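A.B. asks: Enclosed is the structure file query.tsv (TSV, C-alpha atoms and all ligand atoms).
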```tsv
chain	number	residue	atom	x	y	z
A	1	MET	CA	0.00	0.00	0.00
A	2	ILE	CA	1.31	3.45	-0.92
A	3	PRO	CA	0.00	6.17	1.45
A	4	TYR	CA	-0.60	9.73	0.25
A	5	GLY	CA	1.88	11.09	2.78
A	6	LYS	CA	4.38	9.73	5.27
A	7	HIS	CA	6.92	11.03	7.77
A	8	GLN	CA	10.60	10.09	7.60
A	9	ILE	CA	12.32	9.32	10.92
A	10	GLU	CA	15.94	8.20	10.93
A	11	ASN	CA	18.40	7.10	13.61
A	12	ASP	CA	19.67	10.61	14.36
A	13	ASP	CA	16.08	11.77	14.94
A	14	ILE	CA	15.60	8.91	17.41
A	15	GLU	CA	18.89	9.69	19.16
A	16	ALA	CA	17.95	13.36	19.52
A	17	VAL	CA	14.76	12.37	21.36
A	18	VAL	CA	16.49	9.73	23.50
A	19	ASP	CA	19.09	12.33	24.52
A	20	VAL	CA	16.35	14.53	25.89
A	21	LEU	CA	14.74	11.59	27.72
A	22	GLU	CA	18.05	10.92	29.46
A	23	ASN	CA	18.47	14.57	30.48
A	24	GLN	CA	17.03	16.76	33.18
A	25	PHE	CA	14.18	18.42	31.29
A	26	ILE	CA	11.66	16.74	29.04
A	27	THR	CA	9.22	19.63	28.72
A	28	GLN	CA	10.63	23.09	29.38
A	29	GLY	CA	14.37	22.88	28.90
A	30	LEU	CA	16.68	24.21	26.20
A	31	GLN	CA	15.23	22.34	23.20
A	32	VAL	CA	12.10	24.44	22.66
A	33	PRO	CA	13.98	27.79	22.55
A	34	ALA	CA	16.64	26.17	20.32
A	35	PHE	CA	13.94	24.93	17.92
A	36	GLU	CA	12.34	28.37	17.88
A	37	GLU	CA	15.70	29.92	17.07
A	38	ALA	CA	16.27	27.36	14.30
A	39	LEU	CA	12.87	28.21	12.80
A	40	THR	CA	13.72	31.94	12.70
A	41	LYS	CA	17.11	31.17	11.09
A	42	TYR	CA	15.49	28.98	8.46
A	43	THR	CA	12.63	31.32	7.53
A	44	GLY	CA	14.16	34.72	8.19
A	45	ALA	CA	11.30	35.73	10.51
A	46	ALA	CA	12.37	37.67	13.61
A	47	TYR	CA	10.45	35.59	16.18
A	48	ALA	CA	9.04	32.08	16.52
A	49	LEU	CA	6.88	30.42	19.14
A	50	ALA	CA	6.65	26.62	19.15
A	51	VAL	CA	3.33	25.16	20.32
A	52	ASN	CA	1.60	21.79	20.49
A	53	SER	CA	-0.22	22.00	17.13
A	54	ALA	CA	-0.92	24.33	14.23
A	55	THR	CA	-4.52	24.47	15.41
A	56	SER	CA	-3.27	25.98	18.70
A	57	ALA	CA	-0.93	28.23	16.73
A	58	LEU	CA	-3.85	29.57	14.65
A	59	HIS	CA	-5.87	30.10	17.82
A	60	VAL	CA	-3.21	32.12	19.67
A	61	ALA	CA	-2.42	34.12	16.52
A	62	CYS	CA	-6.09	35.13	16.31
A	63	LYS	CA	-6.14	35.91	20.04
A	64	ALA	CA	-3.00	38.05	19.70
A	65	LEU	CA	-4.75	40.03	16.95
A	66	ASN	CA	-7.68	40.61	19.37
A	67	VAL	CA	-10.15	38.54	17.35
A	68	GLY	CA	-13.34	38.22	19.39
A	69	PRO	CA	-17.13	38.28	19.31
A	70	GLY	CA	-18.43	40.73	16.72
A	71	ASP	CA	-15.37	40.32	14.49
A	72	TRP	CA	-15.22	38.65	11.11
A	73	VAL	CA	-12.38	36.39	9.95
A	74	TRP	CA	-12.15	35.36	6.30
A	75	THR	CA	-10.35	32.40	4.82
A	76	THR	CA	-10.54	29.94	1.92
A	77	PRO	CA	-13.01	27.04	1.74
A	78	ILE	CA	-10.21	24.79	0.42
A	79	THR	CA	-8.35	24.15	3.66
A	80	PHE	CA	-8.41	21.93	6.70
A	81	VAL	CA	-11.24	22.84	9.08
A	82	ALA	CA	-8.79	24.07	11.75
A	83	THR	CA	-8.08	27.26	9.77
A	84	ALA	CA	-11.67	28.46	10.09
A	85	ASN	CA	-12.25	26.92	13.51
A	86	ALA	CA	-9.50	29.07	15.07
A	87	ALA	CA	-11.67	32.14	14.49
A	88	ARG	CA	-14.71	30.36	15.90
A	89	PHE	CA	-12.73	29.48	19.08
A	90	CYS	CA	-12.41	33.26	19.59
A	91	GLY	CA	-16.15	33.80	19.15
A	92	ALA	CA	-15.71	35.49	15.76
A	93	GLN	CA	-17.81	34.97	12.65
A	94	VAL	CA	-16.24	33.21	9.68
A	95	ASP	CA	-16.70	33.90	6.00
A	96	PHE	CA	-14.87	32.55	2.98
A	97	VAL	CA	-13.33	33.91	-0.22
A	98	ASP	CA	-13.53	31.69	-3.29
A	99	ILE	CA	-10.40	30.20	-4.85
A	100	GLU	CA	-8.65	30.98	-8.11
A	101	PRO	CA	-8.96	27.65	-9.99
A	102	SER	CA	-5.42	27.27	-11.35
A	103	SER	CA	-3.54	28.04	-8.12
A	104	ARG	CA	-6.35	26.74	-5.90
A	105	ASN	CA	-5.47	29.57	-3.51
A	106	ILE	CA	-7.60	32.53	-2.43
A	107	CYS	CA	-8.52	34.61	-5.48
A	108	ALA	CA	-7.32	38.22	-5.13
A	109	LYS	CA	-10.08	39.49	-7.46
A	110	ALA	CA	-12.77	37.74	-5.42
A	111	LEU	CA	-11.18	39.18	-2.28
A	112	LEU	CA	-11.29	42.74	-3.62
A	113	LYS	CA	-14.92	42.34	-4.66
A	114	LYS	CA	-15.87	41.00	-1.25
A	115	LEU	CA	-13.92	43.75	0.56
A	116	ILE	CA	-15.77	46.44	-1.39
A	117	GLN	CA	-19.13	44.85	-0.50
A	118	ALA	CA	-18.13	44.39	3.15
A	119	GLU	CA	-17.03	48.01	3.42
A	120	HIS	CA	-20.47	49.15	2.28
A	121	ALA	CA	-22.17	46.74	4.68
A	122	GLY	CA	-19.89	47.65	7.60
A	123	THR	CA	-18.71	44.05	7.91
A	124	LEU	CA	-15.03	44.28	6.99
A	125	PRO	CA	-13.03	41.39	8.49
A	126	LYS	CA	-10.45	41.91	11.22
A	127	VAL	CA	-8.24	39.13	9.86
A	128	LEU	CA	-7.72	37.24	6.61
A	129	ILE	CA	-6.13	33.80	6.93
A	130	ALA	CA	-4.48	32.91	3.61
A	131	VAL	CA	-3.63	29.24	3.07
A	132	HIS	CA	-0.76	28.22	0.80
A	133	PHE	CA	-2.60	25.24	-0.63
A	134	ALA	CA	-0.49	22.16	-1.37
A	135	GLY	CA	2.67	24.16	-0.54
A	136	ALA	CA	2.58	26.88	-3.21
A	137	SER	CA	2.39	30.42	-1.87
A	138	CYS	CA	-0.61	32.67	-2.33
A	139	ASP	CA	-0.02	35.94	-4.19
A	140	MET	CA	1.02	37.50	-0.88
A	141	GLN	CA	2.11	40.81	-2.36
A	142	THR	CA	-1.39	41.47	-3.74
A	143	LEU	CA	-3.16	40.09	-0.66
A	144	LYS	CA	-1.04	42.31	1.59
A	145	THR	CA	-1.77	45.41	-0.53
A	146	LEU	CA	-5.51	44.74	-0.35
A	147	CYS	CA	-5.44	43.96	3.38
A	148	ASP	CA	-3.49	47.15	4.12
A	149	GLN	CA	-5.93	49.17	2.03
A	150	TYR	CA	-8.89	47.89	4.06
A	151	GLY	CA	-7.20	47.66	7.48
A	152	VAL	CA	-7.28	43.85	7.61
A	153	LYS	CA	-4.62	41.83	9.47
A	154	LEU	CA	-3.08	38.92	7.59
A	155	ILE	CA	-2.18	35.43	8.86
A	156	GLU	CA	-0.49	32.91	6.57
A	157	ASP	CA	-1.60	29.34	7.27
A	158	ALA	CA	1.58	27.77	5.87
A	159	CYS	CA	0.89	24.28	7.22
A	160	HIS	CA	1.49	22.90	3.71
A	161	ALA	CA	4.36	25.19	2.86
A	162	LEU	CA	7.30	24.90	5.28
A	163	GLY	CA	10.38	24.74	3.07
A	164	GLY	CA	8.69	26.49	0.16
A	165	ASP	CA	9.76	29.82	-1.36
A	166	TYR	CA	8.04	33.02	-2.38
A	167	GLN	CA	9.83	35.82	-4.23
A	168	ASN	CA	13.27	34.49	-3.25
A	169	HIS	CA	12.42	34.33	0.44
A	170	LYS	CA	11.43	31.34	2.51
A	171	ILE	CA	7.74	31.02	3.29
A	172	GLY	CA	7.51	32.01	6.94
A	173	SER	CA	9.59	35.18	6.55
A	174	CYS	CA	6.37	37.11	7.38
A	175	ARG	CA	7.38	39.85	4.93
A	176	PHE	CA	3.73	40.18	3.88
A	177	SER	CA	1.89	39.07	7.02
A	178	ASP	CA	1.43	39.57	10.75
A	179	PHE	CA	1.87	35.86	11.49
A	180	THR	CA	2.83	32.66	9.69
A	181	ILE	CA	1.64	29.28	11.02
A	182	PHE	CA	3.35	25.91	10.52
A	183	SER	CA	2.27	22.37	11.42
A	184	PHE	CA	4.57	19.50	12.34
A	185	HIS	CA	1.94	16.78	12.04
A	186	PRO	CA	3.54	13.66	10.50
A	187	VAL	CA	2.20	14.23	6.97
A	188	LYS	CA	3.65	17.79	6.80
A	189	SER	CA	7.14	18.87	5.64
A	190	ILE	CA	8.79	17.91	8.95
A	191	THR	CA	7.32	16.34	12.07
A	192	THR	CA	7.47	16.61	15.85
A	193	GLY	CA	4.72	13.99	16.27
A	194	GLU	CA	2.16	16.70	16.92
A	195	GLY	CA	3.30	20.31	16.91
A	196	GLY	CA	3.05	23.72	15.39
A	197	ALA	CA	4.63	27.15	15.36
A	198	VAL	CA	3.70	30.81	15.11
A	199	LEU	CA	6.19	33.18	13.46
A	200	SER	CA	6.14	36.96	13.34
A	201	ASN	CA	8.33	39.98	12.80
A	202	SER	CA	6.54	41.83	15.60
A	203	GLU	CA	7.92	41.35	19.11
A	204	ALA	CA	4.69	42.66	20.65
A	205	LEU	CA	2.55	40.22	18.64
A	206	ILE	CA	4.69	37.16	19.37
A	207	LYS	CA	4.75	38.05	23.09
A	208	LYS	CA	0.99	38.24	23.07
A	209	ALA	CA	0.67	34.91	21.23
A	210	ALA	CA	3.08	33.35	23.77
A	211	LEU	CA	0.99	34.72	26.63
A	212	PHE	CA	-2.12	33.00	25.28
A	213	ALA	CA	-0.18	29.76	24.70
A	214	LYS	CA	1.02	29.71	28.33
A	215	HIS	CA	-2.09	30.21	30.50
A	216	GLY	CA	-2.06	34.01	30.12
A	217	VAL	CA	0.58	33.94	32.85
A	218	THR	CA	3.66	36.18	32.76
A	219	LYS	CA	6.54	37.79	34.65
A	220	ASP	CA	7.27	40.20	31.80
A	221	PRO	CA	7.31	43.74	33.34
A	222	GLU	CA	5.76	45.16	30.16
A	223	LEU	CA	2.72	42.89	30.48
A	224	LEU	CA	2.17	43.15	34.25
A	225	GLU	CA	-0.72	45.22	35.54
A	226	THR	CA	0.81	45.87	38.98
A	227	PRO	CA	4.34	45.19	40.30
A	228	LEU	CA	5.02	41.56	41.30
A	229	ASP	CA	4.84	40.87	45.02
A	230	GLY	CA	8.11	38.94	45.02
A	231	PRO	CA	10.67	37.14	42.85
A	232	TRP	CA	8.59	33.95	43.19
A	233	SER	CA	5.54	35.60	41.72
A	234	TYR	CA	3.79	35.71	38.36
A	235	GLN	CA	0.52	37.22	37.19
A	236	GLN	CA	-2.29	35.89	35.05
A	237	VAL	CA	-3.25	38.83	32.85
A	238	GLU	CA	-5.30	37.00	30.18
A	239	LEU	CA	-7.33	33.79	29.95
A	240	GLY	CA	-4.74	31.61	28.21
A	241	PHE	CA	-4.32	27.95	27.34
A	242	ASN	CA	-1.71	25.24	27.81
A	243	TYR	CA	-0.43	24.99	24.25
A	244	ARG	CA	3.25	24.40	25.05
A	245	MET	CA	5.43	22.16	22.92
A	246	SER	CA	7.61	19.73	24.92
A	247	ASP	CA	11.40	19.43	24.74
A	248	LEU	CA	10.99	15.89	23.40
A	249	GLN	CA	9.10	17.24	20.41
A	250	ALA	CA	11.42	20.20	19.90
A	251	ALA	CA	14.50	17.94	19.83
A	252	LEU	CA	12.85	15.97	17.05
A	253	GLY	CA	11.95	19.24	15.34
A	254	ILE	CA	15.56	20.44	15.36
A	255	SER	CA	16.78	17.16	13.95
A	256	GLN	CA	14.06	17.16	11.27
A	257	LEU	CA	14.65	20.80	10.33
A	258	ASN	CA	18.25	19.93	9.41
A	259	LYS	CA	16.81	17.64	6.72
A	260	LEU	CA	14.07	19.95	5.51
A	261	ASN	CA	15.90	21.15	2.39
A	262	ALA	CA	16.67	17.56	1.41
A	263	PHE	CA	13.02	16.59	1.96
A	264	ILE	CA	11.80	19.51	-0.18
A	265	ALA	CA	14.28	18.72	-2.95
A	266	ARG	CA	12.90	15.17	-3.02
A	267	ARG	CA	9.32	16.43	-3.09
A	268	ARG	CA	10.09	18.84	-5.95
A	269	HIS	CA	11.81	16.12	-7.89
A	270	LYS	CA	8.86	13.75	-7.40
A	271	ALA	CA	6.43	16.46	-8.54
A	272	PHE	CA	8.54	17.02	-11.64
A	273	VAL	CA	8.56	13.27	-12.36
A	274	TYR	CA	4.74	13.08	-11.95
A	275	HIS	CA	4.38	15.94	-14.44
A	276	GLY	CA	6.29	13.88	-17.00
A	277	LEU	CA	4.68	10.52	-16.22
A	278	LEU	CA	1.11	11.88	-16.35
A	279	ALA	CA	1.35	14.51	-19.08
A	280	ASP	CA	-0.57	12.51	-21.71
A	281	LEU	CA	-3.47	11.44	-19.48
A	282	PRO	CA	-6.83	13.29	-19.54
A	283	ILE	CA	-6.31	14.78	-16.08
A	284	GLN	CA	-5.57	18.29	-14.88
A	285	LEU	CA	-2.13	18.41	-13.26
A	286	PRO	CA	-1.18	20.97	-10.60
A	287	ASN	CA	0.17	24.28	-11.80
A	288	ALA	CA	3.74	23.82	-13.02
A	289	ASP	CA	4.56	27.53	-12.51
A	290	MET	CA	5.38	26.82	-8.90
A	291	LEU	CA	7.40	23.66	-9.52
A	292	GLU	CA	10.59	25.17	-8.10
A	293	GLN	CA	8.95	27.26	-5.36
A	294	SER	CA	6.28	25.01	-3.89
A	295	ALA	CA	7.00	22.81	-0.87
A	296	TRP	CA	4.84	20.15	-2.63
A	297	HIS	CA	2.96	19.01	0.43
A	298	LEU	CA	0.31	17.61	-1.93
A	299	TYR	CA	0.28	16.58	-5.57
A	300	ALA	CA	-3.41	17.15	-6.28
A	301	ILE	CA	-4.84	16.31	-9.70
A	302	GLU	CA	-8.31	17.03	-11.09
A	303	VAL	CA	-10.33	14.36	-12.86
A	304	ASP	CA	-13.82	14.17	-14.30
A	305	ALA	CA	-16.20	14.60	-11.34
A	306	GLN	CA	-18.39	11.67	-12.48
A	307	GLN	CA	-15.36	9.37	-12.58
A	308	ARG	CA	-13.76	10.41	-9.33
A	309	LEU	CA	-15.37	7.82	-7.04
A	310	PRO	CA	-14.80	4.80	-9.33
A	311	LEU	CA	-11.25	6.02	-10.04
A	312	TYR	CA	-10.62	6.45	-6.31
A	313	GLU	CA	-11.78	2.85	-5.76
A	314	HIS	CA	-9.72	1.57	-8.69
A	315	LEU	CA	-6.58	3.22	-7.30
A	316	TRP	CA	-7.14	1.90	-3.77
A	317	GLN	CA	-7.65	-1.60	-5.23
A	318	HIS	CA	-4.23	-1.16	-6.84
A	319	GLY	CA	-2.67	-0.20	-3.50
A	320	VAL	CA	-2.59	3.51	-4.21
A	321	GLN	CA	-4.10	5.34	-1.24
A	322	VAL	CA	-5.23	8.52	-2.93
A	323	ASN	CA	-7.08	11.04	-0.78
A	324	VAL	CA	-9.19	14.19	-1.19
A	325	HIS	CA	-8.05	17.63	-0.02
A	326	TYR	CA	-10.53	18.98	0.85
A	327	SER	CA	-14.28	18.86	1.10
A	328	PRO	CA	-15.00	22.60	1.21
A	329	VAL	CA	-15.11	23.84	4.80
A	330	HIS	CA	-18.31	25.83	4.28
A	331	LEU	CA	-20.19	22.62	3.40
A	332	GLN	CA	-19.26	20.82	6.62
A	333	PRO	CA	-22.39	20.27	8.74
A	334	TYR	CA	-21.12	22.65	11.43
A	335	TYR	CA	-20.67	25.49	8.91
A	336	ARG	CA	-23.95	24.68	7.12
A	337	ARG	CA	-25.63	25.26	10.48
A	338	LEU	CA	-24.09	28.74	10.42
A	339	GLY	CA	-25.87	29.43	7.12
A	340	PHE	CA	-23.54	28.29	4.32
A	341	SER	CA	-24.77	26.10	1.48
A	342	GLU	CA	-24.00	24.73	-2.00
A	343	GLY	CA	-23.31	27.40	-4.56
A	344	ASP	CA	-21.75	29.88	-2.10
A	345	PHE	CA	-18.22	29.36	-3.48
A	346	PRO	CA	-18.56	27.75	-6.91
A	347	HIS	CA	-14.86	27.50	-7.83
A	348	ALA	CA	-14.01	25.81	-4.53
A	349	GLU	CA	-16.95	23.43	-4.92
A	350	ALA	CA	-16.06	22.55	-8.52
A	351	TYR	CA	-12.45	21.90	-7.53
A	352	ALA	CA	-13.44	19.80	-4.52
A	353	ALA	CA	-15.67	17.62	-6.73
A	354	LYS	CA	-12.80	16.78	-9.09
A	355	THR	CA	-9.68	16.55	-6.98
A	356	LEU	CA	-7.59	13.56	-5.93
A	357	THR	CA	-4.31	13.73	-4.01
A	358	LEU	CA	-1.68	11.33	-5.31
A	359	PRO	CA	0.93	9.86	-2.95
A	360	LEU	CA	3.96	12.12	-2.50
A	361	PHE	CA	6.52	11.96	0.30
A	362	PRO	CA	10.32	12.22	0.45
A	363	ALA	CA	11.02	8.51	0.93
A	364	MET	CA	8.74	7.46	-1.92
A	365	THR	CA	10.69	5.19	-4.28
A	366	ASP	CA	10.78	5.41	-8.07
A	367	ALA	CA	9.05	2.01	-8.17
A	368	GLU	CA	6.24	3.33	-5.97
A	369	GLN	CA	5.86	6.40	-8.13
A	370	ASN	CA	5.75	4.32	-11.30
A	371	ALA	CA	3.15	2.08	-9.66
A	372	VAL	CA	0.96	5.13	-9.01
A	373	ALA	CA	1.31	6.32	-12.62
A	374	ASN	CA	0.61	2.83	-13.98
A	375	ALA	CA	-2.47	2.41	-11.81
A	376	LEU	CA	-3.80	5.73	-13.14
A	377	ARG	CA	-2.91	4.78	-16.72
A	378	SER	CA	-4.66	1.41	-16.42
A	379	TRP	CA	-7.90	3.26	-15.62
A	380	TYR	CA	-7.78	5.32	-18.79
A	381	GLN	CA	-6.71	2.52	-21.16
A	401	LIG	C1	-2.52	20.29	9.06
A	401	LIG	C2	-3.20	21.58	8.90
A	401	LIG	C3	-3.69	22.31	10.00
A	401	LIG	C4	-3.70	21.79	11.39
A	401	LIG	O1	-2.46	21.36	11.84
A	401	LIG	P1	-2.32	20.58	13.22
A	401	LIG	O2	-0.85	20.71	13.54
A	401	LIG	O3	-2.73	19.17	12.95
A	401	LIG	O4	-3.17	21.24	14.23
A	401	LIG	C5	-4.22	23.57	9.75
A	401	LIG	N1	-4.28	24.08	8.51
A	401	LIG	C6	-3.85	23.39	7.43
A	401	LIG	C7	-3.94	24.02	6.08
A	401	LIG	C8	-3.32	22.11	7.60
A	401	LIG	O5	-2.92	21.42	6.52
```
Is it possible to give me this structure as C-alpha cells?

C.D. replies:
Amino acid sequence: MIPYGKHQIENDDIEAVVDVLENQFITQGLQVPAFEEALTKYTGAAYALAVNSATSALHVACKALNVGPGDWVWTTPITFVATANAARFCGAQVDFVDIEPSSRNICAKALLKKLIQAEHAGTLPKVLIAVHFAGASCDMQTLKTLCDQYGVKLIEDACHALGGDYQNHKIGSCRFSDFTIFSFHPVKSITTGEGGAVLSNSEALIKKAALFAKHGVTKDPELLETPLDGPWSYQQVELGFNYRMSDLQAALGISQLNKLNAFIARRRHKAFVYHGLLADLPIQLPNADMLEQSAWHLYAIEVDAQQRLPLYEHLWQHGVQVNVHYSPVHLQPYYRRLGFSEGDFPHAEAYAAKTLTLPLFPAMTDAEQNAVANALRSWYQ
C-alpha cells in the first residue's frame, strides 16, 4: 500500500529524542527555545513560538490580533477545518473567499470584490487567513496590498508550505503578514509527532501569542498590571491555554529541520517526475509555474467529477491510497448550520468535486511512483 503522505524518521532523529529523555528536562528545557531559534534562522522571521499544534498556533495568533465576538475572519473554503475553527474558538464569525482555480489559492479578485461589499455593509473582516494550498504560496504581495488598504490583518496558514519559497524568500519570513503558522503533524514537511509554530516579525505580537499559549501567565514587566509581590511571583493577565510544545518534540523538530531542504528537494523532484509521467493522461495536473517554489505538500490532480469515485476505488484496489483535499469547509455540517450552502463558493466546490491527491513523500521510491502512474494509466486505457 502506498499512502498519500508519510513522515521520515531516521536514527539521528531517534537519538535526539532519546538524549532529551536521558536529560534533566523533558518539557521546558533548552530544546524548545533552540527549535524556535532554528525556525527563525530557516525562515528569516524575527520571532518564533513553538506550540503543540498548528490548530493551537492559529488560535493564539487570532487571540493576539484581538479577534473576538463581533469580528469577522475570512479564509478559503479549500483548507483543513482548523483554519476556520481558530476564528470560531475566539467567538468570531467566519466567512470565505472563493479560490482561483489554477492556483487553488484565495482569489485576489474575489477578495477585492468582497472587501468592497463588506465596506459598504460595515462588515469588513479583522483578519484574513491565507492558506498556501499544497505548498505553493498565495499571491502575498497582492493580498497584503488589499489587506493594508482595508485595514485587515493577515495570517499565513503555511501548514502545507514549510520549506517552500516566495519571491526568493522562505515562506515564513512574514514579509507580507502579521503571522505565519506551521504544522509538524507527520504528513507535513517535517514532524514533531504533533506540533506547530507561530512566526512573526513583531515582538509585541509574538509576546501576546506566547501569553495566550502559556495560560495568560507572565513575569514580563511590560505585560504586568501591577508590580510583582516577590521574585517567586507571576501574574495571570489573560485567559490563556496550555499549548506548550515539549522538549521531546522540539529535539525531534531540530533534527528534522536539518533535513528539511533535502526533503523539499525530493518532493520537488517527485512532482517534476509526476508531471512527465502523467502529461498525456486526460487529467488536470497541478500548476507547473510553482514547480521550483512550492513545498509540494500535496500533488493534487483534477479528474472528471463523475469518474472520481470509481477512479478512487480503482486506485485503492491497486494499492494507491489517494485522498481528497478537501471537502470545502463551508459545506461541513457545522458550517452549514451557520448558514452556508452549495453554490456559495462555486470554484471551490467545482475543484473539490474533481480533486484527488496522489501519494507524494520524500522517501517514496521510483518504483512506488511508477506504480501510481501505472495504476492511473490502467484506468484510462
Ligand atoms: C494540518 C493543517 C492544519 C492543522 O495542523 P495541526 O498541527 O494538525 O493542528 C491547519 N491548517 C492546514 C492548512 C493544515 O494542513

A.B. asks: Restricting the calculation to all atoms listed in the file: of A:Val81, A:Leu248, A:Asp139, A:Met290, which residue gets closest to A:Val18?

C.D. replies: A:Leu248

A.B. asks: For A:Leu260, which of A:Phe89, A:Tyr299, A:Phe80, A:Phe184 is the closest residue, counting all atoms listed in the file?

C.D. replies: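 Looking at the shortest contact to A:Leu260, the residue is A:Phe184.
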
A.B. asks: Please provide as a count of residues only all residues within 12 Å of stretch 161-164 of chain A, with the sequence filter that same-chain residues fewer than 3 positions apart are discarded (counting only C-alpha atoms).

C.D. replies: 59

A.B. asks: Which one is closest to ligand LIG 401 (chain A): A:Leu281, A:Ala84, A:Leu111, A:Leu311? Count all atoms listed in the file.

C.D. replies: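 Of A:Leu281, A:Ala84, A:Leu111, A:Leu311, the one nearest ligand LIG 401 (chain A), counting all atoms listed in the file, is A:Ala84.
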
A.B. asks: Can you tell me which residues surround A:Lys6 at a distance of at most 9 Å, considering all atoms listed in the file, apart from same-chain residues fewer than 6 positions away, and format the answer as a ChimeraX atom specification?

C.D. replies: /A:186-188,359-364

A.B. asks: Hey, which of A:Gln317, A:Ile283, A:Ile116, A:Gln235 ends up closest to A:Gln149? Count only C-alpha atoms.

C.D. replies: A:Ile116

A.B. asks: Measure the distance from atom CA of A:Asp280 to atom CA of A:His318 in Å and round it to one decimal.

C.D. replies: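 Pair atom CA of A:Asp280 / atom CA of A:His318 returns 20.5 Å.
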
A.B. asks: Calculate how many Å separate atom CA of A:Trp316 from atom CA of A:Glu194, rounding to one decimal.

C.D. replies: 27.1 Å

A.B. asks: Any idea what the distance is between atom CA of A:Gly5 and atom CA of A:Ala250?

C.D. replies: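 So the answer is 21.6 Å.
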
A.B. asks: Please identify all polymer residues lying at most 7 Å from the point (-3.6, 35.4, 29.7) (file coordinates), using only C-alpha atoms, and present the result as number ranges by chain.

C.D. replies: A: 211-212, 215-217, 236-240

A.B. asks: With only C-alpha atoms as the basis for distance, which of A:Ala371, A:Leu376, A:Val303, A:Ala348 is at the shortest distance from A:Cys107?

C.D. replies: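 The shortest atom-to-atom distance to A:Cys107 comes from A:Ala348.
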
A.B. asks: Could you give me, as a ChimeraX atom specification, the residues within 9 Å of A:Ser102, counting only C-alpha atoms and dropping anything in the same chain fewer than 2 positions from it?

C.D. replies: /A:99-100,104-105,286-287
